[in-house]
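Before any comments, here is the structure.
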Amino acid sequence: MNRETVIRVEDVSKCINRGRPNEVWPVRGVSLEIERAQCVVLKGPSGSGKTSLLSLIGCMSRPTEGRILLHGRDVAKLPERFLTEIRRNTFGFIFQQFNLIPGITVKENVMLPLYPTEMGLTEIKTRAERLMKKLRIYERRHFHVKGLSGGEQQRVAIARALINDPEIILADEPTAHLDTRLSVELIEILKGLREEGKTLVIATHDPLVYEQGFVDRVVEMRDGRVI
Amino acid sequence: MIKHLKILEFALSSLWRRKFKNLGLIVVFSLIIFTLSSIVFLTYSFKREAVAVLKDAPELIVQRLSAGRHEMMPVEYMKKIKDIPGVGKIVPRLWGYYYDISTGGNYTVMALREGLQDKISLMEGSFVVGSGSCVVGRGVADARFLDIGSIMPLIGADGNVRRFRVAGIFTDESNLLTNDLVIIGEKDFREVFRIPQSIATDIVVQIYNPTEVDNIARKIKEALPDTRPITRREILRTYDTLFDWRSGMVLTMFLGAILAFVILAWDKATGLSAEERHEIAILKAIGWETSDVMELKFWEGFIISSLSFLTGLIGGYLHIYFFGASIFSPALKGWSVIFPEFRLVPYINIYQIAVLLFFTVIPYMAATIVPSWKAAITDPDVVMRG
Amino acid sequence: MILHPGIIALLVGSLIVLALLLYGSVLAVVILRRWDIKSSSEFQLGLERKTYLVSTIMSFVLGFEVLAIFLFIYTVDDLHRQFVGAMCATGSLNANPVGWYVLYVKMLLFFISSLWIGINYVDQRTEGFPLVRFKYGMLLLVAPLVLVDVYLQSRYFLGLTPDIITSCCGALFSKEGGGLSSSLSSLPVRPMRYIFFTVLGLYVLAGLISLKRQKGIFRGLTGIFSVIVFLISLASIISFVSLYFYEIPTHHCPFDILQGYYNYIGYPLYGALFSGTAFGLLTGFTEILKKLFPSLEKINRYQRKWTILSILFIVIFTLISLYPMLFSSFTLEGY
């Protein structure tokens with residue numbers, strides 16, 4: 001089956017603190033292709049560069065060298081405004097630390113990414129409610145984040161990542177703060193997303209994740225390179 | 001458009017979440033605006049009062065000077081003024097000051113003349129002032145515990161006491177003009193103060209065409225070199241200058257306070273807590289642009305300044321117009337020649353608000369531009385690393 | 001000098017704006033010299049971030065200038081009693097040879113800042129940011145203009161002493177006086193009315209055509225036309241429009257309609273005129289820019305919006321001007 005390549009990473013490197021004594025290269029000369037509706041796992045120990053690579057793919061930072069092509073378009077060098085627009089339209093991010101905003105409700109957290117867009121509040125609310133129901137956090141929608149369990153917080157973070165209806169989901173160590181039962185729950189959700197046709201890129205060193213059947217490819221990384 | 005509303009809503013929620021941190025800022029800001037607006041309202045009210053009061057003042061008053069001091073003037077002078085074209089009615093005025101030993105107060109005593117009745121309103125009693133009766137102002141009545149029918153004694157220039165029955169007392173509204181006024185008949189006046197028939201204190205001149213006032217004043221000075229013509233315009237000008245200068249001075253002194261406040265605002269804006277920084281990083285990570293975050297900060301600043309501005313403004317308004325400027329009036333009254341209690345007429349217009357805005361909100365917003373920007377350019381990447 | 005609250009406020013505000021602009025200019029110089037969109041070095045990224053700061057500063061400057069014009073007129077009007085012969089703002093402005101120039105500079109600043117903001121808006125939404133050098137070059141022109149504004153304003157206010165004898169609008173705008181204002185006032189009403197409404201009508205027509213035909217030439221025409229509309233409108237306000245608001249055939253003063261006595265009608269009137277002109281200018285100006293920077297082709301849709309806004313504002317302006325002519329009993333026939 002000839003699938004479309006959505007993401008192509010060409011010889012990408014990232015350098016931090018260039019020219020200074022603490023110069024470090026979290027990613028070195030990585031090349032990668034990801035096809036539509038594929039589930040790709042970036043596997044490696046901490047410090048292997050998988051989080052940084054994820055960040056680069058997700059247009060959250062820029063590579064020092066190399067190109068990143070999204071649907072054939074070079075996004076690496078775009079100015080912030082365009083980068084953010086692309087990110088908003090294409091990606092949904094699930095962070096390792098959840099990164100929910102503490103003082104506001106679950107519902108607001110979920111809707112937040114779409115605030116600076118021209119979309120009307122009604123439509124955003126509808127989407128949010130649909131997602132919250134699907135992820136079984138609807139009853140908690142008026143709660144503040146502090147009153148939620150770990151699993152519930154995780155699901156809020158996922159709902160938020162999905163509010164903009166992205167075609168590519170990026171997850172950074174999603175099971176890091178979860179016990180086995182919750183991890184299994186999460187994996188079910190991810191599997192469901194893939195079945196919907198979404199492309200998944202997951203950075204993890206949890207075997208529970210990368211040994212799943214729906215994972216199409218495992219890319220091993222060490223010291224910033226693909227091995 | 002919708003986007004701006006949504007960001008505004010989030011700004012409101014952000015501020016509410018950190019209400020205590022921002023409360024201090026709002027309180028200080030409101031106090032400053034309260035003080036400034038009190039000053040602006042007060043001086044503007046005074047100005048307007050002066051203008052309103054002087055509206056009925058004579059267009060032109062002619063006084064005689066002797067060695068630079070105001071002296072009584074021979075009624076004959078009227079003839080020379082009459083000859084000048086454009087001059088209407090010429091009425092001699094008789095008035096002077098009277099020192100009341102028992103109360104220590106200075107009264108203005110005025111002889112009744114034609115046209116005087118129309119200008120001042122009464123509260124009780126009548127204006128008919130025959131021989132032996134008088135009309136007094138509120139201040140005089142209070143100082144001497146007078147009512148309609150009481151007796152007001154005046155010690156004449158010959159040392160004898162003459163008694164005058166109070167026929168009427170002036171209303172509070174006319175206090176500015178009448179507070180310390182005592183009006184008696186012309187004959188009585190001349191008797192009490194021993195002023196001969198041929199003398200008047202000064203002369204009021206009616207002018208047909210207001211644009212000719214200065215010309216006529218000049219001609220009067222030429223015809224009667226020892227006189228000083230005073231135009232109403234000049235009086236108005238003097239008041240204007242006085243009030244502008246006074247309020248300007250105070251506001252300038254306040255610049256120091258405003259500067260201190262602006263520095264405070266800058267400091268607050270720059271010193272974001274770790275939690276705030278983290279929040280901004282999250283926003284950037286989930287798809288907010290730098291300009292969106294800056295807009296968020298703008299709204300926050302706008303809400304804080306608007307809230308403070310309104311609070312300070314309303315506070316100042318109430319202070320001046322309901323509480324009689326109790327905090328400031330002791331200082332301000334010392335400046336002007338207006339001593340009496342009078343109800344300040346509430347007057348507020350866009351101009352005053354604009355001036356206040358320029359002094360407060362604009363420096364504040366300017367001070368927050370750079371700190372907002374610094375906060376907004378946070379790299380979303382930060383959120384990824386731990 | 002006259003220590004009036006309004007004067008202090010204006011001077012303080014202007015100094016703040018000047019400080020901000022100087023800072024912005026320093027950034028502009030750096031950007032002009034080192035901007036390289038193709039580079040992805042840390043330095044270039046830093047420059048891109050700085051552009052957000054400069055945009056915000058410019059928006060602030062524009063907002064300030066709008067407020068400042070009105071505050072200036074108000075202050076000047078409030079001062080008039082201190083000058084012998086002055087009956088309104090016009091008299092105060094005449095008290096010092098610099099007075100009118102301050103007003104002109106402020107108006108110029110308004111238009112230039114609004115142009116800048118419009119250009120910045122489209123540039124940021126175009127890939128490659130083609131207008132960066134142009135924008136920041138233009139910014140380096142704005143800063144000196146603000147400096148001139150501050151200077152003139154200070155000179156004007158510092159040079160005011162209460163015993164100046166000046167002439168008021170009665171003399172300035174009367175048929176007998178000399179100079180531009182008098183010529184404007186003494187323009188015969190009938191022909192002026194025809195010119196005024198014809199020009200406005202033509203402008204709206206040109207705008208509508210440019211919307212329909214989407215041809216560049218019409219947009220450029222709109223730009224040039226808007227300036228003509230502006231100047232003719234100002235002349236007309238002095239010549240006859242203000243008369244209808246005052247209901248006095250000799251009162252030509254253009255400032256009194258901003259007073260509360262006339263229900264502040266001057267604000268929407270001038271507001272609509274200035275806004276309409278600004279949007280029209282923007283459309284025309286960006287049309288020229290399109291010829292120089294072909295990658296700007298996509299901004300057509302913004303130009304559409306601006307043209308619509310410009311037409312809308314000019315129509316509002318026309319309606320406000322028409323209102324007293326149609327509905328008050330005052331008539332200028334015979335004058």
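Chain labels A, B, ... are given in the sequence in which chains occur in the structure tokens; within each chain residues are numbered consecutively from 1, and ligands are likewise numbered from 1 in the order shown.
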
Restrict the distance test to only C-alpha atoms, flag each residue of chain B within 6 Å of chain C, and return the flagged residues as a ChimeraX atom specification. /B:237,244-245,248,355,358-359

Store the residues of this selection in a file with N, CA and C atoms, as a CSV table (one decimal), in the first residue's frame.
```csv
chain,number,residue,atom,x,y,z
B,237,ARG,N,-10.0,86.6,32.8
B,237,ARG,CA,-8.6,86.2,32.5
B,237,ARG,C,-7.8,85.9,33.7
B,244,ASP,N,-5.6,77.9,36.4
B,244,ASP,CA,-4.8,77.1,35.6
B,244,ASP,C,-3.4,76.9,36.3
B,245,TRP,N,-2.9,78.0,36.7
B,245,TRP,CA,-1.6,78.0,37.3
B,245,TRP,C,-1.6,77.1,38.5
B,248,GLY,N,-2.1,73.5,37.7
B,248,GLY,CA,-0.9,73.1,37.0
B,248,GLY,C,0.2,72.8,37.9
B,355,VAL,N,-7.5,64.6,30.1
B,355,VAL,CA,-6.3,65.0,30.8
B,355,VAL,C,-5.9,64.0,31.8
B,358,PHE,N,-4.3,61.0,30.3
B,358,PHE,CA,-2.9,61.2,29.8
B,358,PHE,C,-1.9,61.2,31.0
B,359,PHE,N,-2.4,61.5,32.1
B,359,PHE,CA,-1.5,61.5,33.3
B,359,PHE,C,-1.3,60.2,33.9
```

Restrict the distance test to only C-alpha atoms, flag each residue of chain C within 8 Å of chain A, and return the flagged residues as a ChimeraX atom specification. /C:38-41,48,124,127

Tell me the residues of chain A close to chain B, meaning within 6 Å using only C-alpha atoms, as a short mmCIF file (atom, residue, chain, number, x, y, z; two decimals) with N, CA and C atoms, in the first residue's frame.
```cif
data_model
loop_
_atom_site.label_atom_id
_atom_site.label_comp_id
_atom_site.auth_asym_id
_atom_site.auth_seq_id
_atom_site.Cartn_x
_atom_site.Cartn_y
_atom_site.Cartn_z
N MET A 60 7.69 23.05 17.22
CA MET A 60 7.81 23.83 18.46
C MET A 60 9.19 24.45 18.59
N THR A 84 3.23 28.79 13.90
CA THR A 84 2.16 28.58 14.88
C THR A 84 0.86 28.20 14.18
N ARG A 88 -1.08 24.82 14.81
CA ARG A 88 -2.46 24.84 15.24
C ARG A 88 -3.35 23.98 14.36
N PRO A 113 -6.75 26.11 23.48
CA PRO A 113 -5.96 26.27 22.25
C PRO A 113 -6.68 27.02 21.15
N TYR A 115 -8.79 29.55 21.51
CA TYR A 115 -9.17 30.92 21.85
C TYR A 115 -8.66 31.96 20.86
N PRO A 116 -7.38 31.93 20.51
CA PRO A 116 -6.91 32.98 19.60
C PRO A 116 -7.21 32.72 18.13
N THR A 117 -8.28 31.98 17.86
CA THR A 117 -8.67 31.78 16.46
C THR A 117 -10.00 32.49 16.23
N GLU A 118 -10.42 32.51 14.97
CA GLU A 118 -11.65 33.19 14.67
C GLU A 118 -12.88 32.31 14.89
#
```

Taking the chain letters and numbering used in this document, name the residues of region 210-368 of chain B that DSSP puts in alpha helix (DSSP H), as a compact mmCIF listing (two decimals) with N, CA and C atoms, in the first residue's frame.
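The result, stored in selection.txt:
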```
# COMPACT_ATOMS: atom_id res chain seq x y z
N VAL B 213 -15.50 97.06 23.91
CA VAL B 213 -15.15 97.32 25.32
C VAL B 213 -13.73 97.87 25.46
N ASP B 214 -12.80 97.20 24.81
CA ASP B 214 -11.41 97.63 24.99
C ASP B 214 -11.18 99.03 24.44
N ASN B 215 -11.81 99.29 23.32
CA ASN B 215 -11.67 100.64 22.74
C ASN B 215 -12.17 101.71 23.69
N ILE B 216 -13.38 101.45 24.20
CA ILE B 216 -13.99 102.43 25.09
C ILE B 216 -13.17 102.59 26.36
N ALA B 217 -12.67 101.45 26.88
CA ALA B 217 -11.84 101.52 28.08
C ALA B 217 -10.65 102.44 27.83
N ARG B 218 -10.09 102.30 26.66
CA ARG B 218 -8.94 103.13 26.32
C ARG B 218 -9.31 104.61 26.30
N LYS B 219 -10.47 104.86 25.69
CA LYS B 219 -10.88 106.26 25.56
C LYS B 219 -11.16 106.88 26.92
N ILE B 220 -11.73 106.05 27.83
CA ILE B 220 -12.01 106.56 29.16
C ILE B 220 -10.71 106.94 29.84
N LYS B 221 -9.73 106.09 29.69
CA LYS B 221 -8.43 106.37 30.30
C LYS B 221 -7.83 107.65 29.75
N GLU B 222 -8.04 107.86 28.47
CA GLU B 222 -7.52 109.11 27.87
C GLU B 222 -8.26 110.32 28.42
N ALA B 223 -9.59 110.16 28.54
CA ALA B 223 -10.37 111.32 29.00
C ALA B 223 -10.16 111.58 30.48
N ARG B 232 -14.62 93.23 32.30
CA ARG B 232 -15.01 91.91 32.81
C ARG B 232 -14.08 90.84 32.27
N ARG B 233 -13.70 91.02 31.02
CA ARG B 233 -12.80 90.05 30.39
C ARG B 233 -11.50 89.90 31.15
N GLU B 234 -11.02 91.05 31.61
CA GLU B 234 -9.74 91.00 32.33
C GLU B 234 -9.89 90.23 33.62
N ILE B 235 -11.04 90.42 34.27
CA ILE B 235 -11.24 89.68 35.52
C ILE B 235 -11.29 88.19 35.24
N LEU B 236 -12.04 87.85 34.20
CA LEU B 236 -12.13 86.44 33.83
C LEU B 236 -10.75 85.86 33.54
N ARG B 237 -9.98 86.63 32.83
CA ARG B 237 -8.64 86.18 32.47
C ARG B 237 -7.80 85.94 33.69
N THR B 238 -7.92 86.85 34.63
CA THR B 238 -7.13 86.70 35.84
C THR B 238 -7.51 85.42 36.58
N TYR B 239 -8.80 85.19 36.67
CA TYR B 239 -9.25 83.96 37.33
C TYR B 239 -8.73 82.73 36.61
N ASP B 240 -8.87 82.76 35.31
CA ASP B 240 -8.41 81.62 34.51
C ASP B 240 -6.94 81.33 34.76
N THR B 241 -6.16 82.39 34.65
CA THR B 241 -4.72 82.21 34.85
C THR B 241 -4.45 81.65 36.22
N LEU B 242 -5.13 82.23 37.20
CA LEU B 242 -4.91 81.80 38.58
C LEU B 242 -5.20 80.33 38.74
N PHE B 243 -6.38 79.90 38.28
CA PHE B 243 -6.75 78.51 38.49
C PHE B 243 -5.88 77.56 37.68
N ASP B 244 -5.64 77.92 36.44
CA ASP B 244 -4.79 77.06 35.62
C ASP B 244 -3.43 76.90 36.27
N TRP B 245 -2.92 78.02 36.71
CA TRP B 245 -1.58 77.98 37.28
C TRP B 245 -1.55 77.14 38.54
N ARG B 246 -2.55 77.37 39.38
CA ARG B 246 -2.58 76.61 40.63
C ARG B 246 -2.69 75.13 40.37
N SER B 247 -3.65 74.75 39.54
CA SER B 247 -3.83 73.32 39.33
C SER B 247 -2.64 72.74 38.58
N GLY B 248 -2.10 73.54 37.68
CA GLY B 248 -0.93 73.07 36.96
C GLY B 248 0.22 72.79 37.91
N MET B 249 0.40 73.68 38.86
CA MET B 249 1.47 73.49 39.84
C MET B 249 1.29 72.20 40.61
N VAL B 250 0.08 72.00 41.07
CA VAL B 250 -0.16 70.79 41.87
C VAL B 250 0.06 69.55 41.05
N LEU B 251 -0.42 69.58 39.82
CA LEU B 251 -0.25 68.42 38.97
C LEU B 251 1.22 68.15 38.70
N THR B 252 1.98 69.23 38.52
CA THR B 252 3.41 69.03 38.29
C THR B 252 4.04 68.37 39.50
N MET B 253 3.63 68.83 40.67
CA MET B 253 4.19 68.22 41.86
C MET B 253 3.83 66.75 41.92
N PHE B 254 2.68 66.44 41.34
CA PHE B 254 2.24 65.07 41.36
C PHE B 254 2.99 64.17 40.41
N LEU B 255 3.68 64.79 39.46
CA LEU B 255 4.41 63.99 38.48
C LEU B 255 5.36 63.03 39.19
N GLY B 256 5.88 63.50 40.32
CA GLY B 256 6.78 62.63 41.07
C GLY B 256 6.07 61.36 41.50
N ALA B 257 4.86 61.55 42.02
CA ALA B 257 4.11 60.38 42.47
C ALA B 257 3.79 59.46 41.30
N ILE B 258 3.46 60.07 40.18
CA ILE B 258 3.11 59.26 39.00
C ILE B 258 4.32 58.48 38.52
N LEU B 259 5.46 59.14 38.56
CA LEU B 259 6.67 58.44 38.14
C LEU B 259 6.92 57.23 39.01
N ALA B 260 6.77 57.44 40.32
CA ALA B 260 6.97 56.32 41.24
C ALA B 260 6.01 55.19 40.93
N PHE B 261 4.79 55.56 40.61
CA PHE B 261 3.79 54.54 40.31
C PHE B 261 4.15 53.78 39.04
N VAL B 262 4.61 54.52 38.04
CA VAL B 262 4.96 53.87 36.79
C VAL B 262 6.09 52.87 37.00
N ILE B 263 7.03 53.25 37.84
CA ILE B 263 8.12 52.32 38.13
C ILE B 263 7.58 51.08 38.82
N LEU B 264 6.63 51.30 39.72
CA LEU B 264 5.99 50.17 40.38
C LEU B 264 5.33 49.25 39.36
N ALA B 265 4.61 49.87 38.43
CA ALA B 265 3.91 49.10 37.41
C ALA B 265 4.89 48.29 36.58
N TRP B 266 5.97 48.92 36.21
CA TRP B 266 7.00 48.25 35.42
C TRP B 266 7.52 47.05 36.19
N ASP B 267 7.80 47.29 37.46
CA ASP B 267 8.35 46.23 38.28
C ASP B 267 7.40 45.04 38.37
N LYS B 268 6.14 45.34 38.59
CA LYS B 268 5.14 44.29 38.68
C LYS B 268 5.07 43.50 37.38
N ALA B 269 5.10 44.26 36.28
CA ALA B 269 4.94 43.60 35.00
C ALA B 269 6.15 42.73 34.66
N THR B 270 7.33 43.20 35.07
CA THR B 270 8.52 42.42 34.76
C THR B 270 8.65 41.21 35.67
N ALA B 274 6.95 32.44 38.84
CA ALA B 274 7.28 31.24 38.07
C ALA B 274 6.01 30.63 37.50
N GLU B 275 4.96 30.72 38.27
CA GLU B 275 3.70 30.14 37.82
C GLU B 275 3.19 30.84 36.57
N GLU B 276 3.32 32.19 36.58
CA GLU B 276 2.87 32.94 35.41
C GLU B 276 3.68 32.60 34.19
N ARG B 277 4.99 32.50 34.39
CA ARG B 277 5.85 32.17 33.25
C ARG B 277 5.47 30.82 32.67
N HIS B 278 5.24 29.89 33.58
CA HIS B 278 4.88 28.55 33.13
C HIS B 278 3.59 28.59 32.33
N GLU B 279 2.65 29.38 32.82
CA GLU B 279 1.38 29.48 32.12
C GLU B 279 1.56 30.02 30.71
N ILE B 280 2.39 31.04 30.58
CA ILE B 280 2.61 31.61 29.25
C ILE B 280 3.28 30.59 28.35
N ALA B 281 4.21 29.83 28.92
CA ALA B 281 4.88 28.81 28.11
C ALA B 281 3.87 27.78 27.62
N ILE B 282 2.93 27.41 28.50
CA ILE B 282 1.90 26.45 28.08
C ILE B 282 1.07 27.03 26.95
N LEU B 283 0.69 28.29 27.11
CA LEU B 283 -0.11 28.92 26.05
C LEU B 283 0.62 28.88 24.72
N LYS B 284 1.92 29.22 24.77
CA LYS B 284 2.69 29.19 23.53
C LYS B 284 2.74 27.77 22.98
N ALA B 285 2.83 26.80 23.87
CA ALA B 285 2.96 25.43 23.40
C ALA B 285 1.68 24.92 22.78
N THR B 290 2.98 34.77 19.78
CA THR B 290 3.50 35.88 20.58
C THR B 290 2.52 37.05 20.61
N SER B 291 1.96 37.38 19.45
CA SER B 291 1.04 38.52 19.42
C SER B 291 -0.21 38.24 20.24
N ASP B 292 -0.64 36.97 20.30
CA ASP B 292 -1.80 36.64 21.12
C ASP B 292 -1.49 36.85 22.60
N VAL B 293 -0.31 36.41 23.00
CA VAL B 293 0.06 36.59 24.41
C VAL B 293 0.22 38.06 24.75
N MET B 294 0.77 38.82 23.80
CA MET B 294 0.90 40.25 24.04
C MET B 294 -0.47 40.90 24.16
N GLU B 295 -1.39 40.41 23.33
CA GLU B 295 -2.73 40.96 23.41
C GLU B 295 -3.34 40.63 24.76
N LEU B 296 -3.06 39.42 25.27
CA LEU B 296 -3.54 39.03 26.59
C LEU B 296 -3.02 40.00 27.65
N LYS B 297 -1.73 40.27 27.59
CA LYS B 297 -1.13 41.18 28.57
C LYS B 297 -1.69 42.58 28.42
N PHE B 298 -1.94 42.96 27.19
CA PHE B 298 -2.53 44.28 26.96
C PHE B 298 -3.87 44.39 27.65
N TRP B 299 -4.72 43.37 27.43
CA TRP B 299 -6.04 43.40 28.05
C TRP B 299 -5.93 43.44 29.57
N GLU B 300 -4.98 42.65 30.10
CA GLU B 300 -4.81 42.67 31.56
C GLU B 300 -4.51 44.08 32.04
N GLY B 301 -3.56 44.71 31.36
CA GLY B 301 -3.19 46.07 31.74
C GLY B 301 -4.36 47.02 31.58
N PHE B 302 -5.09 46.82 30.48
CA PHE B 302 -6.22 47.69 30.20
C PHE B 302 -7.29 47.56 31.29
N ILE B 303 -7.56 46.33 31.67
CA ILE B 303 -8.59 46.11 32.70
C ILE B 303 -8.16 46.73 34.01
N ILE B 304 -6.90 46.49 34.39
CA ILE B 304 -6.42 47.06 35.64
C ILE B 304 -6.52 48.58 35.62
N SER B 305 -6.04 49.19 34.53
CA SER B 305 -6.07 50.65 34.51
C SER B 305 -7.49 51.19 34.41
N SER B 306 -8.35 50.52 33.64
CA SER B 306 -9.72 51.00 33.54
C SER B 306 -10.42 50.93 34.88
N LEU B 307 -10.25 49.81 35.54
CA LEU B 307 -10.88 49.63 36.85
C LEU B 307 -10.41 50.70 37.82
N SER B 308 -9.08 50.86 37.88
CA SER B 308 -8.53 51.88 38.78
C SER B 308 -9.00 53.25 38.38
N PHE B 309 -9.02 53.49 37.09
CA PHE B 309 -9.41 54.81 36.60
C PHE B 309 -10.83 55.14 37.02
N LEU B 310 -11.73 54.19 36.77
CA LEU B 310 -13.13 54.43 37.13
C LEU B 310 -13.29 54.63 38.63
N THR B 311 -12.62 53.75 39.39
CA THR B 311 -12.72 53.87 40.85
C THR B 311 -12.22 55.23 41.32
N GLY B 312 -11.04 55.60 40.84
CA GLY B 312 -10.47 56.87 41.26
C GLY B 312 -11.33 58.04 40.82
N LEU B 313 -11.84 57.95 39.60
CA LEU B 313 -12.66 59.03 39.04
C LEU B 313 -13.94 59.22 39.84
N ILE B 314 -14.64 58.10 40.05
CA ILE B 314 -15.90 58.19 40.79
C ILE B 314 -15.62 58.66 42.21
N GLY B 315 -14.54 58.13 42.80
CA GLY B 315 -14.17 58.57 44.14
C GLY B 315 -13.93 60.06 44.19
N GLY B 316 -13.19 60.57 43.21
CA GLY B 316 -12.90 61.99 43.17
C GLY B 316 -14.18 62.81 43.01
N TYR B 317 -15.06 62.32 42.14
CA TYR B 317 -16.32 63.00 41.88
C TYR B 317 -17.15 63.11 43.16
N LEU B 318 -17.28 61.96 43.84
CA LEU B 318 -18.06 61.96 45.07
C LEU B 318 -17.41 62.86 46.12
N HIS B 319 -16.10 62.76 46.19
CA HIS B 319 -15.36 63.56 47.15
C HIS B 319 -15.64 65.04 46.97
N ILE B 320 -15.58 65.51 45.74
CA ILE B 320 -15.75 66.94 45.50
C ILE B 320 -17.21 67.35 45.62
N TYR B 321 -18.08 66.56 45.00
CA TYR B 321 -19.43 67.06 44.89
C TYR B 321 -20.37 66.61 45.98
N SER B 329 -10.22 71.00 50.46
CA SER B 329 -10.65 72.40 50.45
C SER B 329 -9.90 73.31 51.40
N PRO B 330 -9.51 72.83 52.57
CA PRO B 330 -8.75 73.79 53.39
C PRO B 330 -7.56 74.37 52.65
N ALA B 331 -6.87 73.52 51.91
CA ALA B 331 -5.72 74.01 51.17
C ALA B 331 -6.17 74.91 50.03
N LEU B 332 -7.16 74.46 49.28
CA LEU B 332 -7.54 75.19 48.09
C LEU B 332 -8.22 76.52 48.40
N LYS B 333 -9.03 76.55 49.44
CA LYS B 333 -9.73 77.78 49.71
C LYS B 333 -8.78 78.90 50.07
N ILE B 350 -15.53 65.56 28.89
CA ILE B 350 -14.54 64.66 28.28
C ILE B 350 -13.14 65.19 28.47
N TYR B 351 -13.02 66.50 28.44
CA TYR B 351 -11.70 67.10 28.51
C TYR B 351 -10.97 66.70 29.78
N GLN B 352 -11.67 66.84 30.90
CA GLN B 352 -11.04 66.50 32.17
C GLN B 352 -10.62 65.04 32.18
N ILE B 353 -11.52 64.20 31.67
CA ILE B 353 -11.22 62.77 31.64
C ILE B 353 -10.00 62.51 30.77
N ALA B 354 -9.94 63.21 29.63
CA ALA B 354 -8.80 63.02 28.74
C ALA B 354 -7.51 63.42 29.43
N VAL B 355 -7.54 64.56 30.13
CA VAL B 355 -6.32 64.99 30.82
C VAL B 355 -5.89 63.95 31.85
N LEU B 356 -6.86 63.45 32.60
CA LEU B 356 -6.53 62.45 33.61
C LEU B 356 -5.96 61.19 32.97
N LEU B 357 -6.55 60.80 31.84
CA LEU B 357 -6.05 59.62 31.12
C LEU B 357 -4.59 59.81 30.75
N PHE B 358 -4.27 60.98 30.25
CA PHE B 358 -2.91 61.24 29.82
C PHE B 358 -1.93 61.16 30.96
N PHE B 359 -2.39 61.53 32.14
CA PHE B 359 -1.47 61.53 33.26
C PHE B 359 -1.29 60.16 33.86
N VAL B 361 -3.26 56.61 32.79
CA VAL B 361 -3.37 55.36 32.05
C VAL B 361 -2.29 55.25 30.98
N ILE B 362 -2.03 56.36 30.28
CA ILE B 362 -1.05 56.29 29.20
C ILE B 362 0.35 55.97 29.69
N PRO B 363 0.86 56.62 30.72
CA PRO B 363 2.18 56.20 31.20
C PRO B 363 2.17 54.75 31.67
N TYR B 364 1.09 54.33 32.29
CA TYR B 364 1.01 52.96 32.78
C TYR B 364 1.11 51.97 31.64
N MET B 365 0.28 52.18 30.60
CA MET B 365 0.30 51.25 29.47
C MET B 365 1.66 51.26 28.79
N ALA B 366 2.26 52.45 28.70
CA ALA B 366 3.57 52.52 28.07
C ALA B 366 4.58 51.71 28.85
N ALA B 367 4.47 51.78 30.18
CA ALA B 367 5.44 51.05 31.01
C ALA B 367 5.30 49.56 30.88
N THR B 368 4.12 49.09 30.49
CA THR B 368 3.94 47.64 30.44
C THR B 368 4.25 47.04 29.08
```

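Picture a line from CA of Leu170 (chain A) to CA of Arg67 (chain A); it runs 18.7 Å.
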
I'd like the neighbourhood of region 93-99 of chain B as an MDAnalysis selection string, where a residue qualifies if any of its atoms comes within 7 Å (using only C-alpha atoms), though same-chain residues fewer than 2 positions away should be ignored. chainID B and resid 91 101 104:111 200:204

Any chance you could export the current selection's C-alpha atoms as a compact mmCIF listing (two decimals), in the first residue's frame?
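The result, stored in selection14.txt:
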```
# COMPACT_ATOMS: atom_id res chain seq x y z
CA VAL B 91 -24.49 104.13 37.16
CA ILE B 101 -15.57 94.31 66.11
CA GLY B 104 -14.09 90.04 63.85
CA GLY B 105 -15.54 89.77 60.37
CA ASN B 106 -15.29 92.07 57.39
CA TYR B 107 -18.50 92.86 55.60
CA THR B 108 -19.04 94.46 52.25
CA VAL B 109 -21.61 97.21 52.63
CA MET B 110 -23.35 98.34 49.50
CA ALA B 111 -25.85 101.09 48.79
CA ALA B 200 -19.18 107.65 44.47
CA THR B 201 -16.97 104.62 45.04
CA ASP B 202 -16.82 103.67 41.40
CA ILE B 203 -18.83 103.78 38.21
CA VAL B 204 -20.42 101.00 36.25
```

Could you please write out, as number ranges by chain, every residue of region 2-222 of chain A that DSSP assigns to strand (DSSP E)? A: 5-16, 24-35, 39-43, 65-70, 73-74, 91-94, 168-172, 199-204, 217-222
